[in-house]
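Peer 1: The following block contains the structure, expressed as structure tokens.
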Amino acid sequence: MSLGSSNSKRRPEGAHDSLPLPRITPVVDISEQDGCHLPSASGDGATQQGHGQEIVKRELKVSTTNNETLVHILKGMIGSGILAMPQAFMNSGLWTGVVLTPLLGIVCIHSMFLLVRTSKELCKRARVPALSYEESAVAAFEYGPKSLRKYAKAVGYLITAFLLITQTGFCCVYFVFIPQNLKQAIDCMTPTGTGISQLGFMAITIIPVLLVCFIPNLKLLAPVSLVASVIQSVSLVLILYYAVRDLPTVSEQVPAFNSWSTIPLYLSTAVYAFEGIGLILPLENKMKTPQSIGGLNGVLNTGMSVTLCLYITMGFFGYLQYGNDIQGSITLNLPPREGLAQAVKILMALSIFFTYPLMMYVTFEIGIPVVTRIVEGKKKKLIVEYAFRTALVLLTFALAAAIPNIGLFISLIGAVSSSALAVIFPPIMEAITFWPEKGKYNYRIIKAVLMVAFGLLTFVTGTITSVQEIVRFFASGEEGAPFEC
């Protein structure tokens with residue numbers, strides 16, 4: 001990936017000439033930069049010094065305040081993952097989840113800080129104003145030890161692949177979530193039910209999802225996204241109300257510790273919920289005061305602390321309320337005979353429906369330029385583009401139809417891609433970027449080894465356990481979560 005023009009950035013001797021990589025996570029829009037000029041080698045221009053490197057000041061026409069950034073972090077982190085936390089607590093045990101969730105949260109938050117710190121240092125070396133996640137990974141290898149520079153392009157494509165898997169996986173989860181919640185709500189609001197299977201509701205969902213994904217301009221979805229965020233916030237408050245209403249006492253039915261065999265499922269689900277690391281750099285890059293994102297009382301710590309408290313609250317009370325009957329999404333456990341509960345399911349389904357094109361937008365932005373190169377002419381390119389959009393939506397439908405279980409999808413995605421992005425790559429990037437500085441008592445290397453080992457443990461055990469549960473799901477012949485009005 002090119003980190004800048006050849007006459008404007010400092011490439012280390014022997015750095016690998018990487019091919020351009022598609023940008024998955026956005027950084028700073030060029031249209032928002034108020035004169036971003038790279039400094040000359042002599043040091044003229046607006047520059048700052050850092051470890052002997054010149055960096056470019058970011059001057060944005062449109063920037064975000066600390067409070068706005070905090071809201072964006074909360075919106076980005078609190079999604080379908082929080083609805084799966086009660087099942088995560090079931091897999092860990094009630095009090096085990098209370099202990100492990102903050103520890104896992106600390107690891108994931110620290111990874112976010114590592115990514116921000118590493119990206120800032122690499123911006124200084126590359127003499128560019130901002131870098132995305134995958135660009136930072138490529139730069140870490142390009143400006144790292146000479147023996148690793150040849151792997152820069154491969155690492156960039158690897159992280160790009162994990163990001164695409166994550167985004168597509170989110171959409172698969174949504175394709176399960178929307179029909180399941182709509183089916184429950186509509187069946188329970190009609191005297192005799194609809195008689196339509198969950199697969200039938202999935203098929204019905206295809207057309208509206210396709211139509212909203214045919215919108216080429218993301219700006220047209222901005223008002224809808226705002227409405228969806230408001231709907232989601234109100235729905236979460238109502239879900240918490242149902243979770244704490246008429247709470248049973250803690251008993252043996254909700255054990256403090258479940259079993260070692262289900263801990264990988266807990267870790268996979270919890271890492272999925274905490275996986276918002278791709279959001280951090282774009283937000284930091286657009287802050288009016290980017291230094292405010294760090295610190296004990298900084299924007300990131302504040303936002304993630306609120307998120308962590310909500311995860312623990314939802315997980316604890318959701319599992320305590322519904323016990324081992326808890327489903328992959330707590331919305332599926334809401335009282336079937338109460339109109340308000342059914343309204344919450346419809347509202348959450350509507351919110352997730354409008355979130356689907358936003359998640360799929362990333363994949364579209366990467367794939368459309370590639371597939372349209374094979375044809376000539378504006379009309380043919382347009383046909384290929386919409387055929388590609390249709391194919392991706394149908395792919396997520398097919399995967400969701402094959403495994404119509406929210407919990408299984410979430411744990412598999414969390415194990416495969418979220419563990420890599422949120423835990424494994426950031427400490428590796430930091431160690432390579434600041435090499436040969438190892439820190440006092442080699443703490444940076446020791447920390448990297450421990451974090452990578454934990455990430456790999458989650459990756460391997462979570463993937464194996466999730467696949468075993470999927471095989472068991474197929475063997476049982478279940479269509480979806482059992483439910484009666």
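Going through the structure tokens in order, the chains are called A, B, and so on, while each chain numbers its residues from 1 and the ligands are numbered from 1 in the order shown.
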So that I can see what lies close to stretch 237-241 of chain A, please list as a compact mmCIF listing (two decimals) with N, CA, C and O atoms, in the first residue's frame the residues with an atom at most 9 Å from it, counting only C-alpha atoms and leaving out residues fewer than 6 positions away in the same chain.
Peer 2:
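Written out: out37.txt:
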```txt
# COMPACT_ATOMS: atom_id res chain seq x y z
N THR A 313 -24.19 -5.40 32.86
CA THR A 313 -25.58 -5.29 33.33
C THR A 313 -26.51 -6.17 32.52
O THR A 313 -27.32 -6.93 33.07
N MET A 314 -26.41 -6.08 31.19
CA MET A 314 -27.28 -6.88 30.32
C MET A 314 -26.99 -8.37 30.49
O MET A 314 -27.92 -9.18 30.56
N PHE A 317 -28.15 -9.54 34.40
CA PHE A 317 -29.59 -9.58 34.66
C PHE A 317 -30.34 -10.39 33.61
O PHE A 317 -31.35 -11.02 33.92
N GLY A 318 -29.84 -10.38 32.37
CA GLY A 318 -30.49 -11.18 31.34
C GLY A 318 -30.39 -12.67 31.64
O GLY A 318 -31.39 -13.40 31.52
N ILE A 330 -31.34 -11.66 23.48
CA ILE A 330 -32.29 -11.62 24.60
C ILE A 330 -33.67 -11.17 24.15
O ILE A 330 -34.67 -11.45 24.82
N THR A 331 -33.76 -10.51 23.00
CA THR A 331 -35.07 -10.10 22.49
C THR A 331 -35.97 -11.31 22.25
O THR A 331 -37.20 -11.20 22.36
N LEU A 334 -38.18 -12.15 25.33
CA LEU A 334 -39.14 -11.20 25.89
C LEU A 334 -40.54 -11.82 25.92
O LEU A 334 -40.87 -12.66 25.08
N LEU A 340 -46.03 -4.59 24.29
CA LEU A 340 -44.82 -3.76 24.34
C LEU A 340 -43.59 -4.58 23.99
O LEU A 340 -42.70 -4.11 23.26
N ALA A 341 -43.53 -5.83 24.47
CA ALA A 341 -42.39 -6.69 24.17
C ALA A 341 -42.30 -6.98 22.67
O ALA A 341 -41.22 -6.99 22.08
N VAL A 344 -40.97 -4.01 20.89
CA VAL A 344 -39.51 -3.91 21.03
C VAL A 344 -38.82 -4.78 19.99
O VAL A 344 -37.84 -4.37 19.36
```
Peer 1: Find, counting only C-alpha atoms, the residue in A:Asn217, A:Gln184, A:Ser111, A:Thr390 that gets nearest to A:Met451.
Peer 2: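 Nearest candidate to A:Met451 out of A:Asn217, A:Gln184, A:Ser111, A:Thr390: A:Ser111.
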Peer 1: Looking at only C-alpha atoms, which of A:Val254, A:Ile78, A:Ile368, A:Ile432 is the one that sits closest to A:Lys146?
Peer 2: A:Ile432
Peer 1: Which residue gives the smallest distance to A:Tyr361 among A:Leu392, A:Ile326, A:Cys108, A:Leu300, with only C-alpha atoms counted?
Peer 2: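 Looking at the shortest contact to A:Tyr361, the residue is A:Leu392.
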Peer 1: Which of these, A:Val116, A:Val393, A:Ala185, A:Ala84, has the shortest distance to A:Phe409 once you count only C-alpha atoms?
Peer 2: A:Ala84
Peer 1: Just give me the gap between atom CA of A:Ser147 and atom CA of A:Lys440 in Å, one decimal is fine.
Peer 2: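 Rounded to one decimal, the two atoms are 24.3 Å apart.
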Peer 1: State, in Å with one decimal place, the distance from atom CA of A:Pro223 to atom CA of A:Asn66.
Peer 2: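 Atom-to-atom, atom CA of A:Pro223 and atom CA of A:Asn66 are spaced 22.0 Å apart.
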Peer 1: Residues at most 10 Å from A:Met304, counting only C-alpha atoms, excluding those fewer than 5 positions away in the same chain, as a short mmCIF file (atom, residue, chain, number, x, y, z; two decimals) with N, CA and C atoms, in the first residue's frame?
Peer 2:
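The result, written out as around_9.cif:
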```
data_model
loop_
_atom_site.label_atom_id
_atom_site.label_comp_id
_atom_site.auth_asym_id
_atom_site.auth_seq_id
_atom_site.Cartn_x
_atom_site.Cartn_y
_atom_site.Cartn_z
N LEU A 70 -17.51 10.74 21.74
CA LEU A 70 -18.01 9.81 22.75
C LEU A 70 -19.31 9.15 22.30
N ILE A 73 -18.56 6.56 19.65
CA ILE A 73 -18.02 5.33 20.23
C ILE A 73 -19.14 4.47 20.80
N LEU A 74 -20.06 5.10 21.53
CA LEU A 74 -21.16 4.36 22.13
C LEU A 74 -22.06 3.75 21.04
N MET A 77 -20.15 0.75 19.42
CA MET A 77 -19.87 -0.39 20.27
C MET A 77 -21.13 -1.13 20.71
N ILE A 78 -22.21 -0.40 20.91
CA ILE A 78 -23.43 -1.00 21.46
C ILE A 78 -24.34 -1.39 20.30
N GLY A 105 -12.53 -6.82 28.79
CA GLY A 105 -12.69 -5.44 28.36
C GLY A 105 -11.41 -4.65 28.47
N ILE A 106 -10.66 -4.86 29.55
CA ILE A 106 -9.38 -4.17 29.72
C ILE A 106 -8.41 -4.54 28.61
N CYS A 108 -9.16 -5.60 25.53
CA CYS A 108 -9.61 -5.01 24.26
C CYS A 108 -9.40 -3.50 24.24
N ILE A 109 -9.66 -2.83 25.35
CA ILE A 109 -9.44 -1.37 25.41
C ILE A 109 -7.95 -1.06 25.27
N PHE A 274 -17.04 -6.76 21.95
CA PHE A 274 -16.05 -5.70 22.17
C PHE A 274 -15.34 -5.29 20.87
N VAL A 299 -11.67 10.26 26.27
CA VAL A 299 -12.89 9.91 25.56
C VAL A 299 -13.02 8.39 25.40
N CYS A 309 -19.92 -1.40 31.37
CA CYS A 309 -20.96 -1.49 32.41
C CYS A 309 -22.28 -1.98 31.83
N LEU A 310 -22.63 -1.53 30.62
CA LEU A 310 -23.86 -1.97 29.99
C LEU A 310 -23.79 -3.46 29.63
#
```
Peer 1: Determine the nearest neighbour of A:Trp95 from the options A:Tyr356, A:Phe473, A:Phe257, A:Tyr272, counting only C-alpha atoms.
Peer 2: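 When distances to A:Trp95 are compared using only C-alpha atoms, the smallest one comes from A:Phe257.
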Peer 1: Would you please work out which residue, of A:Thr64, A:Gln198, A:Ser136, A:Thr269, is nearest to A:Thr463 when using only C-alpha atoms?
Peer 2: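 Closest to A:Thr463 of all the choices is A:Thr269.
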Peer 1: Please, which residues of stretch 245-328 of chain A, numbered as in this document, come out helix (DSSP H, G or I) from DSSP, as a ChimeraX atom specification?
Peer 2: /A:260-274,277-285,290-293,299-325
